[in-house]
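Q: Provided below: final_38.csv, containing CSV, C-alpha atoms and all ligand atoms.
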chain,number,residue,atom,x,y,z
B,11,MET,CA,6.4,36.1,-8.8
B,12,ARG,CA,2.9,36.8,-9.9
B,13,GLU,CA,0.1,34.6,-8.8
B,14,GLU,CA,-1.0,33.6,-12.3
B,15,HIS,CA,2.6,32.7,-13.3
B,16,ILE,CA,2.9,30.4,-10.3
B,17,GLU,CA,-0.5,28.9,-11.0
B,18,ARG,CA,0.6,28.2,-14.6
B,19,LEU,CA,3.9,26.7,-13.6
B,20,ILE,CA,2.3,24.4,-11.0
B,21,HIS,CA,-0.2,23.1,-13.5
B,22,SER,CA,2.3,22.7,-16.3
B,23,GLU,CA,3.8,19.4,-17.2
B,24,ARG,CA,7.0,20.4,-15.5
B,25,GLY,CA,5.1,21.4,-12.3
B,26,GLN,CA,3.3,18.0,-12.3
B,27,ALA,CA,6.6,16.2,-13.0
B,28,GLN,CA,8.1,17.8,-9.9
B,29,VAL,CA,5.2,16.6,-7.7
B,30,LYS,CA,5.8,13.0,-9.0
B,31,HIS,CA,9.6,13.4,-8.5
B,32,PHE,CA,8.9,14.5,-4.9
B,33,ALA,CA,6.7,11.5,-4.3
B,34,PHE,CA,9.4,9.1,-5.4
B,35,ILE,CA,12.1,10.8,-3.4
B,36,TRP,CA,9.9,11.0,-0.4
B,37,LEU,CA,9.1,7.3,-0.7
B,38,GLN,CA,12.8,6.5,-1.5
B,39,ALA,CA,11.4,4.7,-4.5
B,40,TYR,CA,14.5,5.3,-6.6
B,41,GLY,CA,16.5,3.1,-4.2
B,42,LEU,CA,13.9,0.4,-4.7
B,43,LEU,CA,14.7,0.0,-8.3
B,44,SER,CA,17.8,-1.9,-7.4
B,45,ALA,CA,15.7,-3.9,-4.9
B,46,TYR,CA,13.5,-4.9,-7.8
B,47,GLN,CA,16.4,-5.8,-10.0
B,48,LEU,CA,17.7,-8.1,-7.2
B,49,HIS,CA,14.3,-9.7,-6.8
B,50,GLN,CA,14.6,-13.4,-6.8
B,51,ASP,CA,11.1,-14.5,-7.5
B,52,LYS,CA,10.5,-12.3,-10.4
B,53,ASN,CA,6.7,-12.4,-9.7
B,54,VAL,CA,7.0,-8.6,-9.8
B,55,ASN,CA,7.9,-8.2,-13.5
B,56,GLU,CA,8.8,-4.9,-15.0
B,57,ASP,CA,5.2,-4.1,-16.0
B,58,VAL,CA,4.0,-4.6,-12.5
B,59,TYR,CA,6.9,-2.6,-11.1
B,60,ASP,CA,6.2,0.3,-13.5
B,61,ALA,CA,2.6,0.2,-12.6
B,62,MET,CA,3.5,0.4,-8.9
B,63,MET,CA,5.4,3.5,-9.6
B,64,GLU,CA,2.5,5.0,-11.5
B,65,GLU,CA,0.1,4.1,-8.7
B,66,VAL,CA,2.0,6.2,-6.3
B,67,SER,CA,2.4,9.0,-8.8
B,68,HIS,CA,-1.3,9.1,-9.5
B,69,LEU,CA,-2.2,9.1,-5.8
B,70,VAL,CA,0.2,11.9,-4.9
B,71,LYS,CA,-0.8,14.0,-7.9
B,72,HIS,CA,-4.5,13.4,-7.2
B,73,VAL,CA,-4.1,14.7,-3.6
B,74,PHE,CA,-2.1,17.7,-4.8
B,75,TYR,CA,-4.3,18.7,-7.8
B,76,THR,CA,-7.8,17.8,-6.6
B,77,PRO,CA,-9.1,20.4,-4.2
B,78,SER,CA,-11.6,18.1,-2.6
B,79,ALA,CA,-9.0,15.3,-1.9
B,80,PRO,CA,-7.8,15.8,1.7
B,81,PHE,CA,-4.2,15.5,2.8
B,82,SER,CA,-5.2,12.4,4.8
B,83,ASP,CA,-5.8,10.5,1.5
B,84,LEU,CA,-2.0,10.4,1.0
B,85,LEU,CA,-1.8,8.1,4.0
B,86,SER,CA,-5.3,6.5,4.2
B,87,ALA,CA,-7.4,6.8,1.1
B,88,ASP,CA,-10.2,4.4,0.5
B,89,TYR,CA,-9.2,4.1,-3.1
B,90,THR,CA,-6.1,3.7,-5.2
B,91,PHE,CA,-5.2,4.0,-8.9
B,92,LEU,CA,-4.9,0.8,-10.9
B,93,ASN,CA,-4.3,-0.1,-14.5
B,94,SER,CA,-5.3,-3.5,-15.7
B,95,THR,CA,-1.8,-5.0,-14.9
B,96,LEU,CA,-1.8,-3.8,-11.3
B,97,ALA,CA,-5.4,-4.7,-10.7
B,98,ASP,CA,-4.7,-8.2,-11.8
B,99,TYR,CA,-1.6,-8.4,-9.7
B,100,TYR,CA,-3.3,-7.1,-6.6
B,101,GLY,CA,-6.4,-9.1,-7.3
B,102,ILE,CA,-8.7,-6.1,-7.1
B,103,PRO,CA,-11.6,-5.6,-9.6
B,104,SER,CA,-11.0,-2.5,-11.6
B,105,ASN,CA,-12.6,-0.7,-14.5
B,106,SER,CA,-9.3,-0.3,-16.3
B,107,ASP,CA,-9.1,-2.5,-19.4
B,108,ASN,CA,-5.6,-1.5,-20.5
B,109,PRO,CA,-2.2,-0.9,-19.1
B,110,ASN,CA,-2.1,2.8,-20.0
B,111,ASP,CA,-5.3,3.6,-18.2
B,112,PHE,CA,-5.0,4.2,-14.4
B,113,VAL,CA,-8.5,4.3,-12.9
B,114,GLN,CA,-9.4,5.5,-9.4
B,115,THR,CA,-10.6,2.3,-7.8
B,116,ASP,CA,-12.3,1.9,-4.4
B,117,THR,CA,-10.8,-0.6,-2.1
B,118,ASP,CA,-10.8,-1.3,1.7
B,119,GLU,CA,-7.8,-3.5,1.4
B,120,ARG,CA,-5.4,-0.8,0.3
B,121,GLY,CA,-5.2,3.0,0.2
B,122,GLY,CA,-2.5,5.4,1.2
B,123,ILE,CA,1.2,5.1,0.5
B,124,LEU,CA,1.9,2.6,3.3
B,125,THR,CA,-0.2,0.1,1.4
B,126,THR,CA,1.2,0.6,-2.1
B,127,GLY,CA,3.1,-2.0,-3.8
B,128,LEU,CA,6.0,0.4,-4.3
B,129,PHE,CA,6.3,0.9,-0.5
B,130,THR,CA,6.1,-2.7,0.5
B,131,ILE,CA,8.1,-4.4,-2.2
B,132,GLY,CA,11.6,-5.5,-1.3
B,133,ASP,CA,14.5,-7.6,-2.4
B,134,LYS,CA,14.1,-10.4,0.1
B,135,ALA,CA,11.6,-11.6,2.6
B,136,THR,CA,13.6,-10.4,5.6
B,137,ALA,CA,14.6,-7.0,4.4
B,138,ILE,CA,11.3,-5.3,4.8
B,139,PRO,CA,9.9,-4.7,8.4
B,140,ILE,CA,12.8,-2.6,9.6
B,141,GLY,CA,12.9,-0.5,6.4
B,142,LYS,CA,9.2,0.2,6.7
B,143,ALA,CA,9.5,1.2,10.4
B,144,LEU,CA,12.4,3.5,9.6
B,145,PHE,CA,10.5,5.1,6.9
B,146,VAL,CA,7.7,6.0,9.3
B,147,ARG,CA,10.3,7.4,11.8
B,148,ARG,CA,12.5,9.3,9.4
B,149,ASN,CA,10.2,10.4,6.5
B,150,LEU,CA,6.8,10.7,8.2
B,151,LEU,CA,7.8,11.8,11.7
B,152,CYS,CA,11.1,13.5,10.8
B,153,GLN,CA,13.0,11.7,13.6
B,154,THR,CA,16.7,10.9,13.5
B,155,PHE,CA,18.3,7.8,15.0
B,156,PRO,CA,21.6,8.1,16.8
B,157,PRO,CA,24.3,5.9,15.2
B,158,GLU,CA,23.8,2.2,15.8
B,159,PRO,CA,26.3,0.7,18.2
B,160,SER,CA,28.0,-2.5,17.0
B,161,ALA,CA,27.0,-5.6,18.9
B,162,SER,CA,29.7,-7.6,20.8
B,163,GLU,CA,30.3,-11.3,19.9
B,164,GLU,CA,28.7,-12.3,23.1
B,165,ILE,CA,25.5,-10.4,22.3
B,166,LYS,CA,25.4,-11.8,18.8
B,167,GLN,CA,25.7,-15.3,20.1
B,168,GLN,CA,23.0,-14.7,22.7
B,169,ILE,CA,20.7,-13.5,20.0
B,170,ALA,CA,21.6,-16.3,17.6
B,171,SER,CA,20.9,-18.9,20.3
B,172,VAL,CA,17.3,-17.7,20.3
B,173,ILE,CA,16.9,-17.3,16.5
B,174,ASP,CA,18.7,-20.4,15.2
B,175,PRO,CA,16.5,-23.1,16.8
B,176,LEU,CA,13.3,-21.4,15.6
B,177,TYR,CA,14.8,-21.1,12.1
B,178,GLU,CA,15.7,-24.8,12.1
B,179,GLN,CA,12.2,-25.7,13.0
B,180,GLY,CA,10.8,-23.4,10.3
B,181,LEU,CA,8.9,-21.4,13.0
B,182,LEU,CA,10.5,-18.0,12.2
B,183,THR,CA,8.4,-15.5,10.2
B,184,PRO,CA,10.3,-12.6,8.6
B,185,THR,CA,8.7,-10.2,11.1
B,186,LYS,CA,9.7,-12.4,14.1
B,187,TYR,CA,13.2,-12.7,12.8
B,188,TYR,CA,13.7,-8.9,13.0
B,189,GLU,CA,12.0,-8.6,16.3
B,190,LEU,CA,14.4,-11.2,17.8
B,191,ALA,CA,17.5,-9.8,15.9
B,192,GLY,CA,17.2,-6.6,18.0
B,193,ASP,CA,15.9,-8.2,21.1
B,194,HIS,CA,18.6,-7.6,23.7
B,195,LEU,CA,18.7,-5.2,26.7
B,196,SER,CA,21.6,-3.2,25.1
B,197,CYS,CA,19.5,-2.7,21.9
B,198,ASP,CA,16.3,-1.8,23.6
B,199,SER,CA,16.6,2.0,23.4
B,200,CYS,CA,16.0,1.8,19.6
B,201,HIS,CA,14.6,-1.6,18.8
B,202,ARG,CA,12.2,-2.4,21.6
B,203,TYR,CA,10.2,0.9,21.4
B,204,ALA,CA,11.0,2.8,18.2
B,205,ILE,CA,11.4,0.0,15.7
B,206,SER,CA,9.8,-3.4,16.6
B,207,PRO,CA,6.3,-2.1,17.7
B,208,LEU,CA,6.0,-0.7,14.1
B,209,PHE,CA,6.3,-4.2,12.7
B,210,ALA,CA,2.5,-4.2,12.7
B,211,LEU,CA,3.1,-2.6,9.3
B,212,ASP,CA,4.1,-6.0,8.1
B,213,ASP,CA,0.7,-7.1,7.0
B,214,PHE,CA,1.9,-6.7,3.4
B,215,ASP,CA,4.6,-9.0,2.2
B,216,TYR,CA,7.8,-8.2,0.2
B,217,GLN,CA,6.0,-8.7,-3.1
B,218,GLY,CA,3.6,-5.9,-2.3
B,219,LEU,CA,0.6,-8.2,-1.5
B,220,PRO,CA,-1.4,-8.4,1.6
B,221,ARG,CA,-0.5,-11.3,3.8
B,222,LYS,CA,-3.0,-14.1,4.1
B,223,ARG,CA,-5.4,-14.1,7.0
B,224,VAL,CA,-6.6,-17.2,8.8
B,225,ALA,CA,-9.4,-16.9,11.3
B,226,GLY,CA,-8.8,-13.1,11.5
B,227,LYS,CA,-5.1,-13.4,12.1
B,228,VAL,CA,-2.4,-12.4,9.7
B,229,VAL,CA,-0.2,-15.3,8.8
B,230,ALA,CA,3.1,-15.9,7.0
B,231,LYS,CA,5.4,-18.8,6.0
B,232,GLY,CA,8.4,-19.5,8.2
B,233,LEU,CA,11.8,-18.7,6.8
B,234,GLY,CA,14.2,-21.3,5.5
B,235,PRO,CA,13.9,-24.7,3.9
B,236,ASN,CA,11.7,-26.1,6.8
B,237,GLY,CA,9.5,-23.0,6.8
B,238,LYS,CA,6.0,-23.9,8.1
B,239,GLU,CA,2.9,-22.4,6.5
B,240,GLY,CA,0.3,-20.3,8.4
B,241,LEU,CA,2.4,-19.0,11.3
B,242,ILE,CA,0.6,-16.1,13.0
B,243,VAL,CA,2.4,-12.8,12.7
B,244,ASP,CA,1.6,-11.6,16.2
B,245,ALA,CA,3.3,-8.2,15.7
B,246,ILE,CA,0.2,-7.2,13.7
B,247,ASP,CA,-2.0,-7.4,16.8
B,248,ASN,CA,0.5,-5.4,18.9
B,249,GLY,CA,1.2,-2.3,16.8
B,250,ARG,CA,2.1,0.7,18.9
B,251,LEU,CA,3.5,4.0,17.7
B,252,TYR,CA,5.5,5.3,20.7
B,253,GLY,CA,6.9,8.8,20.6
B,254,ILE,CA,5.3,11.1,18.0
B,255,GLU,CA,7.4,14.2,18.6
B,256,THR,CA,10.6,12.5,19.5
B,257,LEU,CA,12.1,9.1,19.2
B,258,PRO,CA,11.0,6.9,22.2
B,259,THR,CA,13.6,5.3,24.3
B,260,THR,CA,11.9,3.9,27.4
B,261,GLY,CA,8.4,2.8,26.4
B,262,GLN,CA,7.0,5.3,29.0
B,263,GLU,CA,6.1,7.6,26.1
B,264,PRO,CA,2.5,8.0,25.1
B,265,PHE,CA,1.6,5.7,22.3
B,266,ILE,CA,-1.0,5.2,19.6
B,267,PRO,CA,-2.2,1.6,19.1
B,268,PHE,CA,-2.7,0.5,15.5
B,269,TYR,CA,-3.6,-2.6,13.5
B,270,GLY,CA,-1.8,-3.0,10.2
B,271,SER,CA,-0.5,-0.5,7.6
B,272,LYS,CA,-3.8,1.1,6.7
B,273,ASP,CA,-4.8,1.8,10.3
B,274,LEU,CA,-1.4,3.3,11.0
B,275,GLY,CA,-1.7,5.5,7.9
B,276,ARG,CA,-5.1,6.7,9.1
B,277,LYS,CA,-3.8,7.6,12.5
B,278,LEU,CA,-0.6,9.2,11.3
B,279,ALA,CA,-2.6,11.4,8.9
B,280,GLU,CA,-4.3,13.0,11.9
B,281,GLN,CA,-1.1,14.0,13.6
B,282,GLU,CA,0.0,17.6,13.6
B,283,HIS,CA,3.6,16.5,13.6
B,284,VAL,CA,3.2,14.3,10.6
B,285,LYS,CA,1.7,17.3,8.6
B,286,GLN,CA,4.6,19.5,9.7
B,287,CYS,CA,7.1,16.8,8.7
B,288,PHE,CA,5.4,16.5,5.3
B,289,VAL,CA,5.5,20.2,4.6
B,290,GLN,CA,9.2,20.3,5.7
B,291,ASN,CA,10.0,17.4,3.4
B,292,LEU,CA,8.3,19.2,0.5
B,293,THR,CA,10.1,22.4,1.3
B,294,ASN,CA,13.5,20.6,1.5
B,295,PHE,CA,12.8,19.0,-1.8
B,296,ALA,CA,11.9,22.3,-3.5
B,297,ALA,CA,15.1,23.8,-2.0
B,298,GLY,CA,17.0,21.0,-3.8
B,299,SER,CA,18.5,19.6,-0.7
B,300,TYR,CA,16.2,16.7,0.1
B,301,HIS,CA,16.5,15.3,3.6
B,302,ALA,CA,13.7,14.5,6.0
B,303,GLY,CA,14.0,17.3,8.5
B,304,ARG,CA,12.1,19.3,11.1
B,305,ILE,CA,10.1,22.4,10.5
B,306,THR,CA,12.4,25.4,10.3
B,307,GLU,CA,11.8,29.1,10.0
B,308,ALA,CA,12.0,28.9,6.2
B,309,SER,CA,9.1,26.4,6.2
B,310,ALA,CA,7.0,28.0,8.9
B,311,ASP,CA,5.3,30.3,6.5
B,312,ILE,CA,4.7,27.4,4.1
B,313,TYR,CA,3.2,25.4,6.9
B,314,LYS,CA,1.0,28.3,7.8
B,315,ALA,CA,-0.3,28.5,4.2
B,316,PHE,CA,-0.9,24.7,4.3
B,317,THR,CA,-3.0,24.8,7.5
B,318,GLU,CA,-4.8,28.0,6.6
B,319,ALA,CA,-6.0,26.3,3.4
B,320,GLY,CA,-7.3,23.3,5.5
B,321,ASP,CA,-4.2,21.1,5.2
B,322,ASP,CA,-3.8,21.5,1.5
B,323,PRO,CA,-0.5,20.3,0.0
B,324,MET,CA,-1.2,22.5,-3.1
B,325,ALA,CA,-1.3,25.6,-0.9
B,326,ALA,CA,2.1,24.6,0.5
B,327,TYR,CA,3.4,24.1,-3.1
B,328,LYS,CA,2.2,27.5,-4.1
B,329,ALA,CA,3.7,29.1,-1.0
B,330,ILE,CA,6.9,27.5,-1.9
B,331,GLY,CA,6.5,29.1,-5.3
B,332,HIS,CA,6.3,32.5,-3.7
B,333,SER,CA,9.2,31.9,-1.4
B,334,SER,CA,12.8,32.4,-2.3
B,335,ILE,CA,13.9,28.8,-2.1
B,336,ILE,CA,12.5,27.2,-5.1
B,337,ARG,CA,13.4,24.9,-7.8
B,338,LEU,CA,10.2,25.6,-9.8
B,339,ARG,CA,11.5,29.1,-10.4
B,340,GLN,CA,14.8,28.1,-11.9
B,341,LYS,CA,14.9,28.4,-15.7
M,1,LIG,C1,20.8,3.9,18.5
M,1,LIG,C2,19.7,3.1,18.0
M,1,LIG,C3,20.0,1.6,17.8
M,1,LIG,C4,20.5,0.7,18.8
M,1,LIG,C5,20.9,1.0,20.2
M,1,LIG,C6,20.6,-0.6,18.1
M,1,LIG,N1,20.1,-0.5,16.8
M,1,LIG,FE1,19.9,-2.0,15.4
M,1,LIG,N2,19.3,-0.7,14.1
M,1,LIG,C7,19.1,0.7,14.3
M,1,LIG,C8,18.8,1.3,13.0
M,1,LIG,C9,18.5,2.8,12.8
M,1,LIG,C10,18.7,0.3,12.1
M,1,LIG,C11,18.5,0.4,10.6
M,1,LIG,C12,19.8,0.6,9.9
M,1,LIG,C13,19.6,1.0,8.5
M,1,LIG,O1,19.4,0.2,7.7
M,1,LIG,O2,19.6,2.2,8.3
M,1,LIG,C14,19.1,-1.0,12.8
M,1,LIG,C15,19.1,-2.2,12.1
M,1,LIG,C16,19.4,-3.4,12.8
M,1,LIG,C17,19.3,-4.7,12.2
M,1,LIG,C18,19.0,-5.0,10.7
M,1,LIG,C19,20.2,-4.8,9.9
M,1,LIG,C20,20.0,-5.3,8.5
M,1,LIG,O3,21.1,-5.6,8.0
M,1,LIG,O4,18.9,-5.2,8.0
M,1,LIG,C21,19.7,-5.6,13.1
M,1,LIG,C22,19.8,-7.1,13.0
M,1,LIG,C23,20.0,-4.8,14.3
M,1,LIG,N3,19.8,-3.5,14.1
M,1,LIG,C24,20.4,-5.4,15.5
M,1,LIG,C25,20.7,-4.6,16.6
M,1,LIG,C26,21.3,-5.2,17.8
M,1,LIG,C27,21.6,-6.7,18.0
M,1,LIG,C28,21.5,-4.2,18.7
M,1,LIG,C29,22.0,-4.2,20.1
M,1,LIG,C30,23.3,-4.8,20.3
M,1,LIG,C31,21.1,-3.0,18.1
M,1,LIG,N4,20.6,-3.3,16.8
M,1,LIG,C32,21.1,-1.7,18.7
M,1,LIG,C33,19.2,1.4,15.5
M,1,LIG,C34,19.7,0.8,16.6
With the file now loaded, output its structure as structure tokens.
A:
Amino acid sequence: MREEHIERLIHSERGQAQVKHFAFIWLQAYGLLSAYQLHQDKNVNEDVYDAMMEEVSHLVKHVFYTPSAPFSDLLSADYTFLNSTLADYYGIPSNSDNPNDFVQTDTDERGGILTTGLFTIGDKATAIPIGKALFVRRNLLCQTFPPEPSASEEIKQQIASVIDPLYEQGLLTPTKYYELAGDHLSCDSCHRYAISPLFALDDFDYQGLPRKRVAGKVVAKGLGPNGKEGLIVDAIDNGRLYGIETLPTTGQEPFIPFYGSKDLGRKLAEQEHVKQCFVQNLTNFAAGSYHAGRITEASADIYKAFTEAGDDPMAAYKAIGHSSIIRLRQK
């Protein structure tokens, strides 16, 4: 296909809609719609939810279509895109004075997909930390978990004997709950190293808002009717990404320490492997068979185009346009 033709397609409404569609599939945002519908508190009303979708769409399109916006902004920008609804909801001052106007807004608190409302919102307080950790493993690192074994009654009871008293006393944060729920020798190969140390991502709550900080520590309310306020979420101080290339199993793997979602985003964005996984995901998407997967021969050329252009997603998108696998070319 001729260069100008690809150029035109990519910048067309249809080309831009594909980038947005990719962003939502990549973020598994379509699944979240049902999470939203189940939402008990209803603090996140439909306007806020829609604005969260648009925030992600604007960010991803910005990084694709603005030559000066680096790939790393996808994971760790110092700005985000807010309309007046979302700015109010997040509590961030913005120049937008109406719901149709998404304005690029500087912020230290947020930036990058791991900090967006859409990524952090969930149906209930407990559902979130594992989902976020799995997203990093599967969609950013292209790692695959072996099937989960089922726990014996004995193990379940052992775990419950630790969790239940803390719950009764109102001392169990959502984050702690999931740490303990997989805390058993027979569960360690996945939970202890691959999943739980990523719970430092849980500095945003299930309503898409940053958790409160008291004296520099991230705090949360305990689960259940007796839930105490102001419990320190110690996972935030102990974030460790073990195993970049492959899933860690022993804790002997090299690791990257991190503090909270934004810091993890910043550090992931520097990783060669994360870039490869991103290009692979984009290629898989364009091929119409979305799954998070490893770099293959088909995507090697596309990855080359991406790196030669200084880690430019648009260069990958164009290379996909030139390759034989694409969706853009249909019709
Ligand atoms: C082979 C890796 C692996 C092992 C071993 C493993 N898990 Fe998991 N566990 C996972 C994955 C992956 C998920 C996320 C499942 C999903 O939602 O896709 C998960 C999710 C969970 C959840 C959350 C489920 C939910 O409904 O949200 C709990 C609780 C849990 N595991 C407990 C355990 C216990 C207890 C053990 C040990 C008996 C164990 N796991 C062993 C991989 C593992």
Q: Return as a PyMOL selection string the residues of protein, DNA or RNA that approach ligand LIG 1 (chain M) to within 9 Å, with all atoms listed in the file taken into account.
A: chain B and resi 136-138+140-141+144+154-162+165-166+169+187-201+204-205
Q: Given the choices B:Glu163, B:Glu282, B:Asp273, B:Asp321, which gets closest to Ala210 (chain B) if the distance is worked out from all atoms listed in the file?
A: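 Residue with the minimum atom-to-atom distance to Ala210 (chain B): B:Asp273.
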Q: Find the distance between CA of Tyr89 (chain B) and CA of Thr117 (chain B) and write it in Å to one decimal.
A: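 Result for CA of Tyr89 (chain B) versus CA of Thr117 (chain B): 5.1 Å, one decimal.
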Q: With only C-alpha atoms as the counted atoms, please give the residues lying no more than 10 Å from Gln26 (chain B), apart from itself and same-chain residues fewer than 4 positions off, as a list in words.
A: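 Everything that qualifies: Leu19, Ile20, His21, Ser22, Lys30, His31, Phe32, Ser67, Lys71, Phe74 and Tyr75 of chain B.
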Q: Select, from B:Asn236, B:Asn93, B:Asn110, B:Gln28, the residue with the minimum atom-to-atom distance to Ala296 (chain B), counting only C-alpha atoms.
A: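 Of B:Asn236, B:Asn93, B:Asn110, B:Gln28, the one nearest Ala296 (chain B) is B:Gln28, counting only C-alpha atoms.
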Q: Give me, please, the distance in Å between CA of Tyr327 (chain B) and CA of Glu14 (chain B), quoted to one decimal.
A: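 Computed distance, CA of Tyr327 (chain B) to CA of Glu14 (chain B), equals 13.9 Å.
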Q: Between CA of Gly101 (chain B) and CA of Asp215 (chain B), what is the distance in Å, rounded to a tenth?
A: 14.5 Å
Q: Quick one: residues within 6 Å of region 264-270 of chain B, only C-alpha atoms counted, chain neighbours fewer than 5 positions away excluded, as number ranges by chain?
A: B: 210-211, 213, 246, 249-252
